[in-house]
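A.B. asks: Take a look at the following structure, please.
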Amino acid sequence: MTATILVVDDEPDFLFLLRMTFEQEGHRVIEAPHGLAALACVRDSRPDLVITDLMMPVMSGQELIRRLRADESVAGIPIIVASANPNGTVGADALVRKPVRPKELIRLASALLERSRNSEPHRDGGD
Amino acid sequence: MTSWNPGAERLYGYAAEEMVGRPIGVIIPPERAGDEQRILRQILQDEYVAHYETERVRKDGTRVEVSLAVSPIRSASGDLIGLSVVAREITELRRAARRLAESESRFAAIFQESPLGIALVGDDFKFLRANRAFCEMLGYAEDELRILGFPDITHPDDLGENVELTEKLFAGAIPSYRMEKRYLTKDGRVVWGDLTATLIRGLDGGTQYGVGMIANVTERKITEERLRDTEERFRRAMLSFASVQNPNDLLQAIADAARELVDCEYAALAVHGPAGHRFQSFAHSGVDAATVERIGRLPEGKGILGAVLVEGRALRLADLREHPASAGVPPHHPPMHSFLGVPLAGTHGIVGDIFLTNKRGAQGFSAHDEALILALAPQAAIAIENARRFERERDLVSRMRRLTDVGLALGDELRSEAIVQKFADLAREVTGAQYAYMGMLDEEQRSLSVFAHSGMDEGTVRLMQPPVLCGLARAIAISGRPVRLADLREHPAAVGFPEHHPQMAPLLGMPLALKGRVIGVLLVTNPPGAPEFTPEDETVATALASQAAVAIENARTYEREREWVQGLRDLNQAKTDFVSTVSHELRTPVGAIAGLASLLASRRRDLSEEEGDEFVRRIALQAERLANLVEDLLDLSRLEAGQENPQLQAVRLSEAAAQALEAAPPPAERLVERAVPDHLVARADPRRLQQILVNLLTNAYRHGGRRIRIEGMATAEGPVLSVVDDGEGVAEALVPHLFQKFTPGAPAAGRKGMGLGLAIARAVVETLGGRIWHEPGQPTGARFNVLLRGAAETGGEVSPAARTTGRIAG
């Protein structure tokens, strides 16, 4: 089943890599270079999954997570943090250390999408 | 002569045979020729002459006094037929009697004329005889005395003893006695006699007389009495100030005592100042308060008082106005005439003078008065010295106590700068000085690291150059010995005062030493004219210096340890941050390469040719980025290790800027202006200079706004190149760490980046002998300035900046 995945990273090659990976799986990929741009994308496109870096200009990944979780309407979207040092991150559904293995990421994304779809009617998942 | 016996032969010298038959007239001296007829007549009358004294002539013609006993010789019929004459020589008896008479008259003369009084007293204590001296002593005639007993002329206070002794004498209990007693004269005066009494027995062995020999000792007694009185007054005078401790009260007590001792109208006491040529304090006695008020100022040691001060010996004048040094009596001072001035010499020299004027009831002061004051003077001087010492010691104790209290309070202070300031303040306080200065030597003991002024206004301190270790401070630091000077300007080590420095003269300089090592210097000073510091000041300052040395060293040790610990902590943190940053920075390209390569491998067949090329292009870019990162890390490591030897040459800066822009061209929508004058030439390594500029440009592309400028200008220090952007500028918290290695861009804003660009730039600038610094941009943004070493602009060879591969730093 096709899902919309928002990828947030200031590294163009990493965005390219994830886009290639998830498009091969039949998903649609939206890209944002930092947290602030990502917030706009979430409101516009209502993605099914967010994969974000932590250290980025303008708005960090942690701030993005905080804002998403604070907004009732989007708080249930699953979030994966992909960072060189993801330890200590608060509010994410999963943490992945860079460099990532594409297959591992695909498996994790599928699991989260599955769980999210099952709790869709309640709209209260995400914790 | 019919018979002549041997006795007659012996008496007259004639033998019997020469005289028998010769007339008696042979032995009768011519003037006594009538003797025979007189004796015969008496015999005829009385029959007997028992004792007839006359003179006869011996055979040798000498006379002999004889007593003749003559009796008649009658015949049986009773007719007078002859005379029997018995002659007894009486010459010796006569002489003895005559001598006795002479002796008696001599004795009478001695008795009468003796300068000693002599009196005979019967056992009824009545006078029997009294000589002239005794009569004159008492004013009685001898006859008047004979009707009196000695108790009648004896002072009642002495009578008891006198009677008792006399009774013992008459009783034979004592052979004689001696006493000094007072007699009452006829006109009621008291005279003193030194009486020696002995007992004399009469010839009959029963009658007894007391003989008294009396010397008139009234004069001596009066002298003794006066002496006792003088002693008593002197003792009182000394006692009056013996227990006074307050120096001012003491001076007053001495002046009062001196005035009373010699009984004069006015007395004063002056204490000399430290230099000995002026009065430091002055106490006066006998002048009432209102008069003192009118006179106004106290004497300073001029005129007649100055004469005593200068000469240092006693001066006694009948009229002080006649002395050449006299300046007359001060206005409003009561008139003065007689004068006595005596210096007060103590154990440590002359401490002051006593002045006395207007001796009462006499023309002037006597030699006796002078002697009295001369005797009093050393006592007064020692009392003043003691009072001063007591005062100094009490002061010393209180200063030491203050030092201890404050020192204890300073124990809690751990910042060495604050301690140095507080001890400087304290030094000024406990020595009563106007200025104090404390400077701490640096580790090499060559210059001053921390210093503090006390007592100098802040403006002056700011105007002065930061003090360097020179002059006296240096001399003290080197010798490690304290210095106490009346005028520091005369010391050979003095180098004069810096500009704006106030003038100072008395100095107390102390090394601050710890375990024999000088760690600082304390200088306490006063303006010119102030008195020299005392040994007590030195004692206090010594104690303070040792206390300060310990406290400051403790604080410094604490500071060093704290800095050391903080440094280790910072280093540790920086390393942790570095590992984190480096791992992130390395992982990003490594992850991208790995991901892209893996994807490319698995999906190779599904990809178009263009898509495949895109994969390869991205993999190559990431690989280059990785290579650059590793290169930067190695570069920085080399620079820090000092292994870099720049190739210095003259570089035209406008060209260097152009080449840097070529190596690191601005990304889209960024505009770079160049404003570097052509004439600016630096002495630099062209490759390294380009690396600096590329790093700064890259930094500006990353963090700056749209417009970026490269500026160049000449300064006195050398040419300066600046890269200026109009971005958000550097967060204030970041500024101090801007050029530190391992500092990631701005973690607070979530930016990433190795932060090696600026650290490398600084390291490179330093190898070129320059300086790099940041200024906030105007109105926004950041300005990074690079000062380079200048090169003489010559028309000759100026190499164009070398081309290097543009690399984008972190």
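To be explicit about the labels: the chains of the structure tokens are called A, B, and onward in the order shown, and within each one the residues are counted from 1, while ligands get numbers from 1 in the order they are shown.
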Could you pull out all residues of segment 116-265 of chain B with a DSSP call of strand (DSSP E) and give them as a PDB file with N, CA and C atoms, in the first residue's frame?

C.D. replies:
```
ATOM      1  N   GLY B 117      78.538  74.464 126.139  1.00  0.00           N
ATOM      2  CA  GLY B 117      77.823  74.775 127.370  1.00  0.00           C
ATOM      3  C   GLY B 117      78.132  73.708 128.395  1.00  0.00           C
ATOM      4  N   ILE B 118      78.439  74.152 129.658  1.00  0.00           N
ATOM      5  CA  ILE B 118      78.704  73.178 130.715  1.00  0.00           C
ATOM      6  C   ILE B 118      77.852  73.555 131.901  1.00  0.00           C
ATOM      7  N   ALA B 119      77.220  72.553 132.483  1.00  0.00           N
ATOM      8  CA  ALA B 119      76.372  72.832 133.640  1.00  0.00           C
ATOM      9  C   ALA B 119      76.529  71.714 134.650  1.00  0.00           C
ATOM     10  N   LEU B 120      76.482  72.103 135.948  1.00  0.00           N
ATOM     11  CA  LEU B 120      76.523  71.134 137.028  1.00  0.00           C
ATOM     12  C   LEU B 120      75.129  71.044 137.617  1.00  0.00           C
ATOM     13  N   VAL B 121      74.689  69.827 137.788  1.00  0.00           N
ATOM     14  CA  VAL B 121      73.345  69.648 138.308  1.00  0.00           C
ATOM     15  C   VAL B 121      73.432  68.757 139.528  1.00  0.00           C
ATOM     16  N   PHE B 127      70.312  73.323 139.018  1.00  0.00           N
ATOM     17  CA  PHE B 127      71.621  73.743 138.530  1.00  0.00           C
ATOM     18  C   PHE B 127      72.468  74.232 139.677  1.00  0.00           C
ATOM     19  N   LEU B 128      73.721  73.770 139.725  1.00  0.00           N
ATOM     20  CA  LEU B 128      74.663  74.280 140.713  1.00  0.00           C
ATOM     21  C   LEU B 128      75.550  75.318 140.062  1.00  0.00           C
ATOM     22  N   ARG B 129      75.979  74.987 138.865  1.00  0.00           N
ATOM     23  CA  ARG B 129      76.799  75.924 138.107  1.00  0.00           C
ATOM     24  C   ARG B 129      76.377  75.858 136.640  1.00  0.00           C
ATOM     25  N   ALA B 130      76.639  76.934 135.920  1.00  0.00           N
ATOM     26  CA  ALA B 130      76.397  76.934 134.469  1.00  0.00           C
ATOM     27  C   ALA B 130      77.376  77.887 133.852  1.00  0.00           C
ATOM     28  N   SER B 176      77.336  57.363 131.929  1.00  0.00           N
ATOM     29  CA  SER B 176      77.084  58.633 131.222  1.00  0.00           C
ATOM     30  C   SER B 176      75.977  58.401 130.201  1.00  0.00           C
ATOM     31  N   TYR B 177      75.502  59.494 129.641  1.00  0.00           N
ATOM     32  CA  TYR B 177      74.555  59.351 128.532  1.00  0.00           C
ATOM     33  C   TYR B 177      74.682  60.543 127.607  1.00  0.00           C
ATOM     34  N   ARG B 178      74.099  60.309 126.380  1.00  0.00           N
ATOM     35  CA  ARG B 178      74.141  61.400 125.402  1.00  0.00           C
ATOM     36  C   ARG B 178      72.784  61.474 124.715  1.00  0.00           C
ATOM     37  N   MET B 179      72.271  62.661 124.574  1.00  0.00           N
ATOM     38  CA  MET B 179      71.020  62.819 123.829  1.00  0.00           C
ATOM     39  C   MET B 179      70.945  64.194 123.175  1.00  0.00           C
ATOM     40  N   GLU B 180      70.217  64.184 122.050  1.00  0.00           N
ATOM     41  CA  GLU B 180      69.925  65.473 121.436  1.00  0.00           C
ATOM     42  C   GLU B 180      68.583  65.915 121.949  1.00  0.00           C
ATOM     43  N   LYS B 181      68.554  67.119 122.487  1.00  0.00           N
ATOM     44  CA  LYS B 181      67.301  67.568 123.099  1.00  0.00           C
ATOM     45  C   LYS B 181      67.056  69.038 122.778  1.00  0.00           C
ATOM     46  N   ARG B 182      65.791  69.393 122.940  1.00  0.00           N
ATOM     47  CA  ARG B 182      65.423  70.782 122.711  1.00  0.00           C
ATOM     48  C   ARG B 182      65.351  71.521 124.053  1.00  0.00           C
ATOM     49  N   TYR B 183      66.011  72.668 124.113  1.00  0.00           N
ATOM     50  CA  TYR B 183      65.944  73.526 125.288  1.00  0.00           C
ATOM     51  C   TYR B 183      65.023  74.679 124.972  1.00  0.00           C
ATOM     52  N   LEU B 184      64.398  75.205 126.057  1.00  0.00           N
ATOM     53  CA  LEU B 184      63.562  76.391 125.874  1.00  0.00           C
ATOM     54  C   LEU B 184      64.335  77.575 126.411  1.00  0.00           C
ATOM     55  N   VAL B 190      63.065  77.714 120.842  1.00  0.00           N
ATOM     56  CA  VAL B 190      63.572  76.350 120.989  1.00  0.00           C
ATOM     57  C   VAL B 190      64.969  76.300 120.401  1.00  0.00           C
ATOM     58  N   VAL B 191      65.916  75.798 121.194  1.00  0.00           N
ATOM     59  CA  VAL B 191      67.246  75.559 120.642  1.00  0.00           C
ATOM     60  C   VAL B 191      67.591  74.104 120.859  1.00  0.00           C
ATOM     61  N   TRP B 192      68.402  73.599 119.895  1.00  0.00           N
ATOM     62  CA  TRP B 192      68.774  72.184 119.964  1.00  0.00           C
ATOM     63  C   TRP B 192      70.124  72.048 120.631  1.00  0.00           C
ATOM     64  N   GLY B 193      70.261  71.120 121.579  1.00  0.00           N
ATOM     65  CA  GLY B 193      71.543  70.850 122.207  1.00  0.00           C
ATOM     66  C   GLY B 193      71.890  69.388 122.071  1.00  0.00           C
ATOM     67  N   ASP B 194      73.209  69.181 121.903  1.00  0.00           N
ATOM     68  CA  ASP B 194      73.705  67.810 121.915  1.00  0.00           C
ATOM     69  C   ASP B 194      74.337  67.635 123.291  1.00  0.00           C
ATOM     70  N   LEU B 195      73.633  66.930 124.188  1.00  0.00           N
ATOM     71  CA  LEU B 195      74.012  66.849 125.601  1.00  0.00           C
ATOM     72  C   LEU B 195      74.769  65.555 125.889  1.00  0.00           C
ATOM     73  N   THR B 196      75.957  65.716 126.578  1.00  0.00           N
ATOM     74  CA  THR B 196      76.652  64.544 127.112  1.00  0.00           C
ATOM     75  C   THR B 196      76.729  64.733 128.631  1.00  0.00           C
ATOM     76  N   ALA B 197      76.156  63.789 129.363  1.00  0.00           N
ATOM     77  CA  ALA B 197      76.109  63.948 130.820  1.00  0.00           C
ATOM     78  C   ALA B 197      76.926  62.855 131.486  1.00  0.00           C
ATOM     79  N   THR B 198      77.737  63.245 132.497  1.00  0.00           N
ATOM     80  CA  THR B 198      78.502  62.257 133.293  1.00  0.00           C
ATOM     81  C   THR B 198      78.292  62.570 134.772  1.00  0.00           C
ATOM     82  N   LEU B 199      78.653  61.619 135.600  1.00  0.00           N
ATOM     83  CA  LEU B 199      78.459  61.780 137.041  1.00  0.00           C
ATOM     84  C   LEU B 199      79.811  62.032 137.713  1.00  0.00           C
ATOM     85  N   ILE B 200      79.846  62.967 138.641  1.00  0.00           N
ATOM     86  CA  ILE B 200      81.080  63.239 139.412  1.00  0.00           C
ATOM     87  C   ILE B 200      80.759  63.087 140.897  1.00  0.00           C
ATOM     88  N   ARG B 201      81.651  62.361 141.585  1.00  0.00           N
ATOM     89  CA  ARG B 201      81.455  62.244 143.042  1.00  0.00           C
ATOM     90  C   ARG B 201      82.328  63.275 143.738  1.00  0.00           C
ATOM     91  N   GLN B 208      77.114  63.921 144.936  1.00  0.00           N
ATOM     92  CA  GLN B 208      77.223  63.614 143.500  1.00  0.00           C
ATOM     93  C   GLN B 208      76.744  64.804 142.693  1.00  0.00           C
ATOM     94  N   TYR B 209      77.454  65.014 141.613  1.00  0.00           N
ATOM     95  CA  TYR B 209      77.058  66.069 140.686  1.00  0.00           C
ATOM     96  C   TYR B 209      76.893  65.459 139.293  1.00  0.00           C
ATOM     97  N   GLY B 210      75.915  65.974 138.614  1.00  0.00           N
ATOM     98  CA  GLY B 210      75.819  65.639 137.184  1.00  0.00           C
ATOM     99  C   GLY B 210      76.462  66.751 136.383  1.00  0.00           C
ATOM    100  N   VAL B 211      77.400  66.394 135.522  1.00  0.00           N
ATOM    101  CA  VAL B 211      78.008  67.408 134.658  1.00  0.00           C
ATOM    102  C   VAL B 211      77.477  67.223 133.239  1.00  0.00           C
ATOM    103  N   GLY B 212      76.923  68.275 132.745  1.00  0.00           N
ATOM    104  CA  GLY B 212      76.417  68.202 131.353  1.00  0.00           C
ATOM    105  C   GLY B 212      77.246  69.052 130.431  1.00  0.00           C
ATOM    106  N   MET B 213      77.634  68.518 129.324  1.00  0.00           N
ATOM    107  CA  MET B 213      78.318  69.274 128.271  1.00  0.00           C
ATOM    108  C   MET B 213      77.342  69.383 127.106  1.00  0.00           C
ATOM    109  N   ILE B 214      77.042  70.623 126.726  1.00  0.00           N
ATOM    110  CA  ILE B 214      75.976  70.815 125.737  1.00  0.00           C
ATOM    111  C   ILE B 214      76.515  71.593 124.540  1.00  0.00           C
ATOM    112  N   ALA B 215      76.456  70.933 123.365  1.00  0.00           N
ATOM    113  CA  ALA B 215      76.824  71.643 122.134  1.00  0.00           C
ATOM    114  C   ALA B 215      75.535  72.184 121.506  1.00  0.00           C
ATOM    115  N   ASN B 216      75.590  73.417 121.059  1.00  0.00           N
ATOM    116  CA  ASN B 216      74.422  74.007 120.408  1.00  0.00           C
ATOM    117  C   ASN B 216      74.374  73.512 118.951  1.00  0.00           C
ATOM    118  N   CYS B 264      57.430  78.163  92.331  1.00  0.00           N
ATOM    119  CA  CYS B 264      57.472  79.304  91.428  1.00  0.00           C
ATOM    120  C   CYS B 264      56.105  79.495  90.792  1.00  0.00           C
ATOM    121  N   GLU B 265      55.937  80.559  90.043  1.00  0.00           N
ATOM    122  CA  GLU B 265      54.615  80.889  89.520  1.00  0.00           C
ATOM    123  C   GLU B 265      54.226  80.043  88.316  1.00  0.00           C
TER     124      GLU B 265
END
```

A.B. asks: Per residue of chain A within 8 Å of chain B, record the nearest atom pair and its distance in Å to one decimal, counting only C-alpha atoms, with rows in chain order and ascending residue number, as a Markdown table.

C.D. replies:
```
| residue | atom | partner | partner_atom | distance |
| --- | --- | --- | --- | --- |
| A:Asp13 | CA | B:Ala592 | CA | 6.2 |
| A:Phe14 | CA | B:Ala592 | CA | 5.8 |
| A:Leu17 | CA | B:Leu596 | CA | 5.9 |
| A:Met20 | CA | B:Leu599 | CA | 7.8 |
| A:Thr21 | CA | B:Leu599 | CA | 7.1 |
| A:Leu54 | CA | B:Gly750 | CA | 7.3 |
| A:Met55 | CA | B:Gly750 | CA | 4.7 |
| A:Met56 | CA | B:Arg751 | CA | 4.9 |
| A:Pro57 | CA | B:Arg751 | CA | 4.5 |
| A:Val58 | CA | B:Ala749 | CA | 6.6 |
| A:Met59 | CA | B:Gly750 | CA | 6.5 |
| A:Ser60 | CA | B:Gly750 | CA | 4.8 |
| A:Gly61 | CA | B:Gly750 | CA | 8.0 |
| A:Ser83 | CA | B:His584 | CA | 7.9 |
| A:Ala84 | CA | B:His584 | CA | 4.9 |
| A:Asn85 | CA | B:His584 | CA | 7.1 |
| A:Lys98 | CA | B:Arg587 | CA | 6.4 |
| A:Pro99 | CA | B:Gly591 | CA | 3.9 |
| A:Val100 | CA | B:Gly591 | CA | 6.4 |
| A:Arg101 | CA | B:Gly595 | CA | 6.7 |
| A:Pro102 | CA | B:Gly595 | CA | 6.6 |
```

A.B. asks: What would the file look like if the residues just selected were written as a short mmCIF file (atom, residue, chain, number, x, y, z; two decimals), in the first residue's frame with N, CA and C atoms?

C.D. replies:
```
data_model
loop_
_atom_site.label_atom_id
_atom_site.label_comp_id
_atom_site.auth_asym_id
_atom_site.auth_seq_id
_atom_site.Cartn_x
_atom_site.Cartn_y
_atom_site.Cartn_z
N ASP A 13 22.39 14.58 -0.37
CA ASP A 13 22.65 13.19 -0.78
C ASP A 13 21.85 12.20 0.03
N PHE A 14 21.63 12.55 1.31
CA PHE A 14 20.85 11.66 2.16
C PHE A 14 19.38 11.65 1.72
N LEU A 17 19.19 9.59 -1.35
CA LEU A 17 19.30 8.16 -1.03
C LEU A 17 17.95 7.61 -0.55
N MET A 20 15.26 7.52 -3.33
CA MET A 20 15.49 6.36 -4.19
C MET A 20 14.98 5.09 -3.51
N THR A 21 15.34 4.96 -2.21
CA THR A 21 14.99 3.75 -1.46
C THR A 21 13.47 3.56 -1.40
N LEU A 54 18.51 15.26 13.19
CA LEU A 54 18.40 16.13 14.38
C LEU A 54 19.08 17.47 14.15
N MET A 55 20.38 17.43 13.79
CA MET A 55 21.14 18.68 13.64
C MET A 55 20.93 19.26 12.25
N MET A 56 20.14 20.36 12.24
CA MET A 56 19.84 21.03 10.97
C MET A 56 19.76 22.52 11.23
N PRO A 57 20.03 23.32 10.22
CA PRO A 57 19.85 24.77 10.40
C PRO A 57 18.37 25.12 10.52
N VAL A 58 18.12 26.35 10.93
CA VAL A 58 16.77 26.95 11.05
C VAL A 58 15.95 26.29 12.16
N MET A 59 15.63 24.99 12.03
CA MET A 59 14.93 24.32 13.13
C MET A 59 15.44 22.90 13.25
N SER A 60 15.78 22.53 14.45
CA SER A 60 16.34 21.20 14.67
C SER A 60 15.24 20.14 14.61
N GLY A 61 15.67 18.89 14.49
CA GLY A 61 14.74 17.76 14.46
C GLY A 61 13.97 17.63 15.75
N SER A 83 19.87 9.86 12.77
CA SER A 83 20.91 10.84 13.11
C SER A 83 22.20 10.12 13.46
N ALA A 84 23.31 10.82 13.36
CA ALA A 84 24.59 10.24 13.74
C ALA A 84 24.61 9.95 15.24
N ASN A 85 23.90 10.80 15.97
CA ASN A 85 23.88 10.61 17.43
C ASN A 85 22.46 10.85 17.94
N LYS A 98 22.83 6.88 11.97
CA LYS A 98 23.48 7.01 10.67
C LYS A 98 24.87 6.43 10.74
N PRO A 99 25.49 5.90 9.75
CA PRO A 99 24.81 5.70 8.44
C PRO A 99 23.76 4.57 8.50
N VAL A 100 22.66 4.79 7.83
CA VAL A 100 21.54 3.83 7.91
C VAL A 100 21.70 2.75 6.85
N ARG A 101 21.15 1.57 7.19
CA ARG A 101 21.08 0.52 6.17
C ARG A 101 19.67 0.59 5.57
N PRO A 102 19.58 0.81 4.26
CA PRO A 102 18.26 1.02 3.62
C PRO A 102 17.24 -0.07 3.97
#
```

A.B. asks: With a distance cut-off of 7 Å and only C-alpha atoms, select the neighbouring residues of Phe739 of chain B, excluding the residue or stretch itself and same-chain residues fewer than 6 positions from it, and output the selection as a list of chain:residue names.

C.D. replies: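 Everything that qualifies: B:Leu758, B:Ala759, B:Arg762.
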
A.B. asks: Suppose we keep all heavy atoms; can you now write the selection as a PDB file, in the first residue's frame?

C.D. replies:
```pdb
ATOM      1  N   LEU B 758      37.258  27.837  10.946  1.00  0.00           N
ATOM      2  CA  LEU B 758      37.829  29.003  11.618  1.00  0.00           C
ATOM      3  C   LEU B 758      39.039  28.622  12.452  1.00  0.00           C
ATOM      4  O   LEU B 758      40.001  29.380  12.559  1.00  0.00           O
ATOM      5  CB  LEU B 758      36.771  29.694  12.485  1.00  0.00           C
ATOM      6  CG  LEU B 758      35.671  30.410  11.681  1.00  0.00           C
ATOM      7  CD1 LEU B 758      34.600  30.958  12.627  1.00  0.00           C
ATOM      8  CD2 LEU B 758      36.257  31.543  10.846  1.00  0.00           C
ATOM      9  N   ALA B 759      38.984  27.420  13.032  1.00  0.00           N
ATOM     10  CA  ALA B 759      40.129  26.977  13.830  1.00  0.00           C
ATOM     11  C   ALA B 759      41.359  26.831  12.938  1.00  0.00           C
ATOM     12  O   ALA B 759      42.460  27.258  13.308  1.00  0.00           O
ATOM     13  CB  ALA B 759      39.804  25.650  14.508  1.00  0.00           C
ATOM     14  N   ARG B 762      42.624  30.275  11.958  1.00  0.00           N
ATOM     15  CA  ARG B 762      43.427  30.922  13.002  1.00  0.00           C
ATOM     16  C   ARG B 762      44.819  30.300  13.079  1.00  0.00           C
ATOM     17  O   ARG B 762      45.831  31.015  13.168  1.00  0.00           O
ATOM     18  CB  ARG B 762      42.756  30.816  14.365  1.00  0.00           C
ATOM     19  CG  ARG B 762      43.539  31.566  15.405  1.00  0.00           C
ATOM     20  CD  ARG B 762      42.935  31.503  16.766  1.00  0.00           C
ATOM     21  NE  ARG B 762      43.030  30.149  17.312  1.00  0.00           N
ATOM     22  CZ  ARG B 762      42.790  29.859  18.593  1.00  0.00           C
ATOM     23  NH1 ARG B 762      42.387  30.818  19.403  1.00  0.00           N
ATOM     24  NH2 ARG B 762      42.892  28.637  19.017  1.00  0.00           N
TER      25      ARG B 762
END
```

A.B. asks: What separation in Å, quoted to one decimal, exists between atom CA of Ile110 of chain B and atom CA of Phe170 of chain B?

C.D. replies: 24.7 Å

A.B. asks: Rank A:Val96, A:Ala3, A:Val42, A:Val90 by their smallest atom-to-atom distance to Ser116 of chain A, using only C-alpha atoms, and report the top residue only.

C.D. replies: A:Ala3

A.B. asks: Need the shell around segment 364-369 of chain B: protein/DNA/RNA residues with any atom at most 8 Å away, counting only C-alpha atoms. Skip same-chain ones fewer than 2 positions apart. Format as a PyMOL selection string?

C.D. replies: chain B and resi 262+316-319+338-340+358-359+362+371-373

A.B. asks: Could you dump the residues just selected with N, CA and C atoms as a PDB file, in the first residue's frame?

C.D. replies:
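Everything below was put into selection17.pdb:
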```
ATOM      1  N   VAL B 262      59.889  73.742  93.406  1.00  0.00           N
ATOM      2  CA  VAL B 262      60.753  74.909  93.628  1.00  0.00           C
ATOM      3  C   VAL B 262      59.943  76.148  93.962  1.00  0.00           C
ATOM      4  N   ARG B 316      70.035  79.090  84.136  1.00  0.00           N
ATOM      5  CA  ARG B 316      69.394  79.733  85.285  1.00  0.00           C
ATOM      6  C   ARG B 316      69.668  81.229  85.205  1.00  0.00           C
ATOM      7  N   LEU B 317      68.603  82.032  85.184  1.00  0.00           N
ATOM      8  CA  LEU B 317      68.752  83.466  84.959  1.00  0.00           C
ATOM      9  C   LEU B 317      67.933  84.240  85.989  1.00  0.00           C
ATOM     10  N   ALA B 318      68.529  85.344  86.427  1.00  0.00           N
ATOM     11  CA  ALA B 318      67.784  86.208  87.345  1.00  0.00           C
ATOM     12  C   ALA B 318      66.688  86.941  86.573  1.00  0.00           C
ATOM     13  N   ASP B 319      66.986  87.261  85.333  1.00  0.00           N
ATOM     14  CA  ASP B 319      65.992  87.927  84.488  1.00  0.00           C
ATOM     15  C   ASP B 319      66.141  87.422  83.058  1.00  0.00           C
ATOM     16  N   SER B 338      62.532  85.817  86.685  1.00  0.00           N
ATOM     17  CA  SER B 338      63.533  84.766  86.929  1.00  0.00           C
ATOM     18  C   SER B 338      63.186  83.515  86.125  1.00  0.00           C
ATOM     19  N   PHE B 339      64.228  82.781  85.740  1.00  0.00           N
ATOM     20  CA  PHE B 339      64.043  81.673  84.796  1.00  0.00           C
ATOM     21  C   PHE B 339      64.987  80.522  85.155  1.00  0.00           C
ATOM     22  N   LEU B 340      64.435  79.314  85.029  1.00  0.00           N
ATOM     23  CA  LEU B 340      65.267  78.118  85.175  1.00  0.00           C
ATOM     24  C   LEU B 340      64.810  77.107  84.122  1.00  0.00           C
ATOM     25  N   ASN B 358      59.615  82.858  87.506  1.00  0.00           N
ATOM     26  CA  ASN B 358      59.086  83.618  88.633  1.00  0.00           C
ATOM     27  C   ASN B 358      59.098  82.836  89.942  1.00  0.00           C
ATOM     28  N   LYS B 359      60.311  82.650  90.450  1.00  0.00           N
ATOM     29  CA  LYS B 359      60.482  82.039  91.767  1.00  0.00           C
ATOM     30  C   LYS B 359      59.768  82.901  92.805  1.00  0.00           C
ATOM     31  N   ALA B 362      61.668  85.238  96.337  1.00  0.00           N
ATOM     32  CA  ALA B 362      63.121  85.393  96.222  1.00  0.00           C
ATOM     33  C   ALA B 362      63.430  86.101  94.916  1.00  0.00           C
ATOM     34  N   ALA B 371      69.530  72.315  91.482  1.00  0.00           N
ATOM     35  CA  ALA B 371      69.932  70.945  91.811  1.00  0.00           C
ATOM     36  C   ALA B 371      68.690  70.056  91.930  1.00  0.00           C
ATOM     37  N   LEU B 372      67.645  70.621  92.555  1.00  0.00           N
ATOM     38  CA  LEU B 372      66.411  69.841  92.720  1.00  0.00           C
ATOM     39  C   LEU B 372      65.819  69.459  91.364  1.00  0.00           C
ATOM     40  N   ILE B 373      65.743  70.429  90.478  1.00  0.00           N
ATOM     41  CA  ILE B 373      65.141  70.161  89.159  1.00  0.00           C
ATOM     42  C   ILE B 373      66.042  69.239  88.343  1.00  0.00           C
TER      43      ILE B 373
END
```
